[in-house]
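Colleague: First, the structure itself, so that you have it in front of you.
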Amino acid sequence: GRSRAHPLAATFAGRRRLNGAGSEKVTNHVEIDLRPTGLDYVAGDSLGIVPENDPALADAIIAAIGAPADFPIAGKTLREALIADTALSSAPDGLFEMISFLTGGERRKKALALAKGEDPDGDAAALDVLAALEKFPGIRPDPEALMEVLEPLQPRLYSISSSPKTRPGFVTLTVDTVRYEMGRRVRLGVASTYLGERIAEGAPVKVYVQRAHGFALPPDPATPIVMVGPGTGIAPFRAFLEERALTPGAGRAWLFFGHQRRATDFFYEDELSDLQRQGALTRLSTAWSRDGGQKVYVQDRMRGEGSELAGWLAQGAHFYVCGDAKRMAKDVELALGDVLQAHAGLSADDAKANIAAMKASGRYQADVY
């Protein structure tokens with residue numbers, strides 16, 4: 001439970017959908033009872049979840065190789081091993097290598113090319129384990145040989161969205177359900193659909209706590225904090241705010257939250273209102289990308305409220321960003337640089353150096369994925 005290698009059995013305590021009807025997303029607030037594990041955590045930590053695959057996917061793989069579902073694999077049935085132990089999302093090179101031994105001619109050439117990471121038919125990106133087996137129909141690998149070339153199912157990390165002070169022994173997560181169509185099939189995000197749809201209330205769920213390195217509330221609770229967390233990026237900031245609400249002498253807190261539509265995608269709206277009334281949340285700036293003609297994002301709000309933001313930073317505020325690493329976190333960093341140039345009188349180079357110094361001293365922290 002202290003490490004990925006030794007997860008412990010917690011209890012799945014429930015889920016509720018955070019989006020309103022008509023939202024394009026399905027995001028769940030997930031609750032897990034850690035008491036059976038004896039694990040503890042602090043705001044800013046992440047929870048590792050050991051998920052299980054969709055049984056229907058396991059059944060389709062068993063059908064594709066024409067094997068009996070109860071074929072024994074290391075003390076389990078083939079079906080149990082496919083569901084609980086095996087990565088089924090992208091087909092590993094070893095699978096194509098195995099297929100090349102079981103087929104000939106053009107098909108063997110294709111399998112060997114795929115094993116080398118080539119893309120002979122332009123469909124390699126869509127080849128998960130099932131699609132790979134269906135691409136070479138009629139092969140009958142020995143189930144044990146198949147399991148040997150497949151990779152182990154990896155745990156998934158989620159930012160914890162609760163403070164241990166709020167409800168000791170329980171932890172919450174904020175999870176976007178991933179499902180999309182590819183190669184004429186609906187593909188499922190393993191852990192997100194396991195937590196969002198498959199696991200039953202009261203069932204055991206294997207977890208471990210991943211301590212945060214360099215993502216935590218400031219050591220002095222009086223230090224002001226600025227948090228930028230669109231979408232599920234709000235998770236650790238809900239934890240920070242819950243913690244601050246129960247910490248005497250806590251400093252000011254400013255949250256930037258954004259999503260598609262205010263009516264359906266304002267996660268934790270009631271809680272945030274309560275935190276504002278209690279004074280734990282000083283300022284809330286929201287950005288809705290699909291309301292109105294112009295797309296507005298959190299970084300646009302930062303620029304628009306730049307003089308206040310520069311003022312908070314001048315007073316020693318710590319700055320946090322959580323969410324999508326590819327675009328959002330970069331855009332937020334650029335916006336912060338623009339704010340420092342426009343309102344703190346820094347040159348572009350000095351603004352960059354200032355942000356680098358904030359990162360080095362722990363005043364600028366990111367939890368990005």
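Every chain in the structure tokens takes a letter, A first, then B, and so on in the order presented; its residues are numbered from 1, and the ligands are numbered from 1 following the presented order.
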Mind checking which residues fall within 10 Å of stretch 56-70 of chain A, counting only C-alpha atoms, ignoring those fewer than 4 positions away in the same chain, and posting them as a list of chain:residue names?

Modeller: A:Lys76, A:Thr77, A:Leu78, A:Arg79, A:Glu80, A:Ala81, A:Leu82, A:Ile83, A:Ala84, A:Thr86, A:Leu88, A:Val129, A:Leu130, A:Ala131, A:Ala132, A:Leu133, A:Glu134, A:Phe136, A:Pro137, A:Gly138, A:Ile139, A:Arg140, A:Pro141, A:Asp142, A:Pro143, A:Leu146, A:Arg187, A:Leu188

Colleague: Give me, as CSV, each residue of stretch 28-102 of chain A that comes within 10 Å of stretch 207-230 of chain A, together with its shortest interatomic pair and the distance in Å at one decimal, counting only C-alpha atoms, with rows ordered by chain and rising residue number.

Modeller:
residue,atom,partner,partner_atom,distance
A:Ile32,CA,A:Val207,CA,9.4
A:Leu34,CA,A:Val207,CA,8.6
A:Thr37,CA,A:Val207,CA,8.7
A:Leu39,CA,A:Val209,CA,7.4
A:Asp40,CA,A:Val209,CA,7.7
A:Tyr41,CA,A:Val209,CA,6.8
A:Val42,CA,A:Arg211,CA,8.0
A:Ala43,CA,A:Ala216,CA,6.7
A:Gly44,CA,A:Ala216,CA,5.0
A:Asp45,CA,A:Ala212,CA,4.6
A:Ser46,CA,A:Gln210,CA,5.1
A:Leu47,CA,A:Val209,CA,4.8
A:Gly48,CA,A:Tyr208,CA,5.0
A:Ile49,CA,A:Val207,CA,4.8
A:Val50,CA,A:Val207,CA,6.1
A:Pro51,CA,A:Val207,CA,9.1

Colleague: Dump N, CA and C atoms for the selected residues as a PDB file, in the first residue's frame?

Modeller:
ATOM      1  N   ILE A  32     -13.616   5.986  -2.020  1.00  0.00           N
ATOM      2  CA  ILE A  32     -12.986   4.719  -1.654  1.00  0.00           C
ATOM      3  C   ILE A  32     -12.694   4.725  -0.157  1.00  0.00           C
ATOM      4  N   LEU A  34     -10.534   3.591   2.676  1.00  0.00           N
ATOM      5  CA  LEU A  34      -9.166   3.098   2.890  1.00  0.00           C
ATOM      6  C   LEU A  34      -9.010   2.358   4.224  1.00  0.00           C
ATOM      7  N   THR A  37      -7.240  -0.900   4.693  1.00  0.00           N
ATOM      8  CA  THR A  37      -5.814  -0.951   4.330  1.00  0.00           C
ATOM      9  C   THR A  37      -4.904  -0.347   5.394  1.00  0.00           C
ATOM     10  N   LEU A  39      -4.046   2.603   5.328  1.00  0.00           N
ATOM     11  CA  LEU A  39      -3.229   3.623   4.648  1.00  0.00           C
ATOM     12  C   LEU A  39      -3.665   5.017   5.056  1.00  0.00           C
ATOM     13  N   ASP A  40      -2.714   5.953   5.063  1.00  0.00           N
ATOM     14  CA  ASP A  40      -3.076   7.357   5.231  1.00  0.00           C
ATOM     15  C   ASP A  40      -2.487   8.149   4.063  1.00  0.00           C
ATOM     16  N   TYR A  41      -2.899   9.405   3.950  1.00  0.00           N
ATOM     17  CA  TYR A  41      -2.442  10.236   2.835  1.00  0.00           C
ATOM     18  C   TYR A  41      -2.511  11.689   3.261  1.00  0.00           C
ATOM     19  N   VAL A  42      -1.897  12.571   2.478  1.00  0.00           N
ATOM     20  CA  VAL A  42      -2.058  14.004   2.708  1.00  0.00           C
ATOM     21  C   VAL A  42      -2.548  14.653   1.415  1.00  0.00           C
ATOM     22  N   ALA A  43      -3.162  15.831   1.546  1.00  0.00           N
ATOM     23  CA  ALA A  43      -3.642  16.557   0.371  1.00  0.00           C
ATOM     24  C   ALA A  43      -2.473  16.771  -0.586  1.00  0.00           C
ATOM     25  N   GLY A  44      -2.676  16.453  -1.863  1.00  0.00           N
ATOM     26  CA  GLY A  44      -1.605  16.552  -2.844  1.00  0.00           C
ATOM     27  C   GLY A  44      -1.120  15.180  -3.309  1.00  0.00           C
ATOM     28  N   ASP A  45      -1.358  14.136  -2.486  1.00  0.00           N
ATOM     29  CA  ASP A  45      -0.954  12.781  -2.870  1.00  0.00           C
ATOM     30  C   ASP A  45      -1.866  12.242  -3.987  1.00  0.00           C
ATOM     31  N   SER A  46      -1.417  11.145  -4.593  1.00  0.00           N
ATOM     32  CA  SER A  46      -2.229  10.454  -5.597  1.00  0.00           C
ATOM     33  C   SER A  46      -2.542   9.043  -5.120  1.00  0.00           C
ATOM     34  N   LEU A  47      -3.603   8.475  -5.691  1.00  0.00           N
ATOM     35  CA  LEU A  47      -3.970   7.101  -5.372  1.00  0.00           C
ATOM     36  C   LEU A  47      -3.742   6.240  -6.598  1.00  0.00           C
ATOM     37  N   GLY A  48      -2.989   5.163  -6.419  1.00  0.00           N
ATOM     38  CA  GLY A  48      -2.826   4.180  -7.487  1.00  0.00           C
ATOM     39  C   GLY A  48      -3.973   3.200  -7.429  1.00  0.00           C
ATOM     40  N   ILE A  49      -4.583   2.959  -8.579  1.00  0.00           N
ATOM     41  CA  ILE A  49      -5.708   2.013  -8.671  1.00  0.00           C
ATOM     42  C   ILE A  49      -5.260   0.858  -9.551  1.00  0.00           C
ATOM     43  N   VAL A  50      -5.441  -0.370  -9.067  1.00  0.00           N
ATOM     44  CA  VAL A  50      -5.177  -1.543  -9.898  1.00  0.00           C
ATOM     45  C   VAL A  50      -6.520  -1.937 -10.521  1.00  0.00           C
ATOM     46  N   PRO A  51      -6.711  -1.634 -11.815  1.00  0.00           N
ATOM     47  CA  PRO A  51      -8.034  -1.819 -12.404  1.00  0.00           C
ATOM     48  C   PRO A  51      -8.234  -3.252 -12.912  1.00  0.00           C
TER      49      PRO A  51
END

Colleague: Per residue of stretch 250-337 of chain A within 12 Å of stretch 170-180 of chain A, which atom pair is closest and at what distance in Å (one decimal), using only C-alpha atoms, listed by chain and increasing number, as a Markdown table?

Modeller:
| residue | atom | partner | partner_atom | distance |
| --- | --- | --- | --- | --- |
| A:Asp265 | CA | A:Asp176 | CA | 11.6 |
| A:Phe267 | CA | A:Thr174 | CA | 9.3 |
| A:Tyr268 | CA | A:Thr174 | CA | 10.2 |
| A:Gly323 | CA | A:Thr174 | CA | 11.5 |

Colleague: Keeping only C-alpha atoms, write those residues as a PDB file, in the first residue's frame.

Modeller:
ATOM      1  CA  ASP A 265     -19.743  20.919 -16.269  1.00  0.00           C
ATOM      2  CA  PHE A 267     -17.825  20.335 -10.934  1.00  0.00           C
ATOM      3  CA  TYR A 268     -18.387  20.752  -7.183  1.00  0.00           C
ATOM      4  CA  GLY A 323      -4.328  18.778 -15.513  1.00  0.00           C
TER       5      GLY A 323
END

Colleague: Let me make sure I understand: among A:Gly231, A:Gly75, A:Ala115, A:Cys322, which one has the smallest atom-to-atom distance to A:Phe101 if we use only C-alpha atoms?

Modeller: A:Ala115

Colleague: Would you please extract all strand (DSSP E) residues from stretch 92-300 of chain A, as assigned by DSSP on the backbone, and give them as number ranges by chain?

Modeller: A: 156-159, 170-176, 179-182, 185-188, 204-210, 225-228, 253-259, 283-288

Colleague: Emit the selected residues as a short mmCIF file (atom, residue, chain, number, x, y, z; two decimals), in the first residue's frame, including N, CA and C atoms.

Modeller:
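Generated file (again26.cif):
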data_model
loop_
_atom_site.label_atom_id
_atom_site.label_comp_id
_atom_site.auth_asym_id
_atom_site.auth_seq_id
_atom_site.Cartn_x
_atom_site.Cartn_y
_atom_site.Cartn_z
N ARG A 156 -3.14 2.64 -12.47
CA ARG A 156 -3.31 4.01 -12.95
C ARG A 156 -3.31 4.94 -11.74
N LEU A 157 -2.69 6.12 -11.90
CA LEU A 157 -2.63 7.08 -10.80
C LEU A 157 -3.68 8.18 -10.97
N TYR A 158 -4.36 8.52 -9.89
CA TYR A 158 -5.31 9.63 -9.89
C TYR A 158 -4.99 10.59 -8.75
N SER A 159 -5.06 11.88 -9.03
CA SER A 159 -4.88 12.88 -7.97
C SER A 159 -6.02 12.74 -6.97
N PHE A 170 -11.35 7.86 4.42
CA PHE A 170 -11.93 7.83 3.07
C PHE A 170 -11.14 8.72 2.14
N VAL A 171 -11.16 8.36 0.86
CA VAL A 171 -10.46 9.16 -0.13
C VAL A 171 -11.40 9.31 -1.33
N THR A 172 -11.33 10.46 -2.01
CA THR A 172 -12.14 10.62 -3.22
C THR A 172 -11.26 10.95 -4.42
N LEU A 173 -11.76 10.57 -5.60
CA LEU A 173 -11.09 10.84 -6.87
C LEU A 173 -12.08 11.50 -7.81
N THR A 174 -11.58 12.19 -8.81
CA THR A 174 -12.41 12.86 -9.81
C THR A 174 -11.99 12.32 -11.17
N VAL A 175 -12.83 11.48 -11.78
CA VAL A 175 -12.37 10.62 -12.88
C VAL A 175 -13.21 10.81 -14.14
N ASP A 176 -12.54 11.23 -15.22
CA ASP A 176 -13.19 11.30 -16.54
C ASP A 176 -13.29 9.91 -17.14
N ARG A 179 -14.03 6.80 -23.26
CA ARG A 179 -14.53 5.83 -24.25
C ARG A 179 -14.52 6.52 -25.60
N TYR A 180 -14.09 5.79 -26.61
CA TYR A 180 -14.02 6.38 -27.95
C TYR A 180 -14.14 5.26 -28.97
N GLU A 181 -14.45 5.64 -30.21
CA GLU A 181 -14.58 4.63 -31.25
C GLU A 181 -13.30 4.56 -32.05
N MET A 182 -12.84 3.34 -32.32
CA MET A 182 -11.64 3.16 -33.11
C MET A 182 -11.72 1.79 -33.77
N ARG A 185 -14.93 -0.24 -33.30
CA ARG A 185 -15.26 -0.76 -31.98
C ARG A 185 -15.20 0.35 -30.97
N VAL A 186 -15.99 0.22 -29.91
CA VAL A 186 -15.88 1.19 -28.82
C VAL A 186 -14.75 0.73 -27.90
N ARG A 187 -13.77 1.60 -27.68
CA ARG A 187 -12.66 1.30 -26.79
C ARG A 187 -12.93 1.98 -25.44
N LEU A 188 -12.51 1.31 -24.38
CA LEU A 188 -12.76 1.82 -23.04
C LEU A 188 -11.46 2.11 -22.32
N PRO A 204 -14.06 -5.04 -3.17
CA PRO A 204 -12.68 -4.65 -2.91
C PRO A 204 -12.04 -4.01 -4.14
N VAL A 205 -11.17 -3.03 -3.92
CA VAL A 205 -10.41 -2.42 -5.01
C VAL A 205 -8.97 -2.27 -4.54
N LYS A 206 -8.03 -2.74 -5.36
CA LYS A 206 -6.62 -2.72 -4.94
C LYS A 206 -6.02 -1.34 -5.18
N VAL A 207 -5.41 -0.79 -4.13
CA VAL A 207 -4.91 0.59 -4.19
C VAL A 207 -3.54 0.71 -3.51
N TYR A 208 -2.84 1.78 -3.81
CA TYR A 208 -1.67 2.18 -3.02
C TYR A 208 -1.62 3.70 -3.04
N VAL A 209 -0.96 4.29 -2.04
CA VAL A 209 -0.85 5.75 -1.99
C VAL A 209 0.50 6.15 -2.57
N GLN A 210 0.44 7.05 -3.54
CA GLN A 210 1.67 7.59 -4.14
C GLN A 210 1.91 8.96 -3.51
N ILE A 225 -2.52 31.04 -1.83
CA ILE A 225 -2.33 30.07 -2.91
C ILE A 225 -3.21 30.43 -4.11
N VAL A 226 -2.63 30.23 -5.31
CA VAL A 226 -3.36 30.41 -6.57
C VAL A 226 -3.35 29.04 -7.26
N MET A 227 -4.54 28.53 -7.61
CA MET A 227 -4.66 27.18 -8.16
C MET A 227 -5.34 27.23 -9.52
N VAL A 228 -4.74 26.60 -10.51
CA VAL A 228 -5.32 26.56 -11.85
C VAL A 228 -5.60 25.10 -12.18
N ALA A 253 -7.07 32.05 -0.84
CA ALA A 253 -6.98 31.04 -1.89
C ALA A 253 -7.79 31.49 -3.11
N TRP A 254 -7.18 31.32 -4.28
CA TRP A 254 -7.82 31.73 -5.55
C TRP A 254 -7.80 30.52 -6.46
N LEU A 255 -8.98 30.14 -6.96
CA LEU A 255 -9.08 28.99 -7.87
C LEU A 255 -9.52 29.45 -9.26
N PHE A 256 -8.78 29.01 -10.27
CA PHE A 256 -9.22 29.14 -11.67
C PHE A 256 -9.73 27.77 -12.12
N PHE A 257 -11.01 27.71 -12.48
CA PHE A 257 -11.59 26.45 -12.95
C PHE A 257 -12.23 26.68 -14.31
N GLY A 258 -12.06 25.75 -15.22
CA GLY A 258 -12.70 25.88 -16.53
C GLY A 258 -13.18 24.53 -17.03
N HIS A 259 -14.15 24.58 -17.94
CA HIS A 259 -14.64 23.36 -18.60
C HIS A 259 -15.47 23.79 -19.80
N ARG A 283 -11.38 33.66 -3.87
CA ARG A 283 -11.70 34.15 -5.21
C ARG A 283 -11.83 32.97 -6.16
N LEU A 284 -12.88 32.98 -6.98
CA LEU A 284 -13.11 31.90 -7.94
C LEU A 284 -13.28 32.51 -9.32
N SER A 285 -12.43 32.09 -10.27
CA SER A 285 -12.52 32.58 -11.65
C SER A 285 -12.81 31.40 -12.56
N THR A 286 -13.90 31.50 -13.32
CA THR A 286 -14.29 30.36 -14.16
C THR A 286 -14.20 30.71 -15.64
N ALA A 287 -13.96 29.68 -16.44
CA ALA A 287 -13.84 29.85 -17.89
C ALA A 287 -14.63 28.73 -18.57
N TRP A 288 -15.55 29.10 -19.46
CA TRP A 288 -16.39 28.10 -20.12
C TRP A 288 -16.12 28.16 -21.62
#

Colleague: Taking the DSSP assignment computed from this structure's backbone, write out as a VMD selection string all residues of stretch 132-302 of chain A that belong to alpha helix (DSSP H).

Modeller: chain A and resid 132 to 135 143 to 149 190 to 193 235 to 245 262 to 265 269 to 278 298 to 302
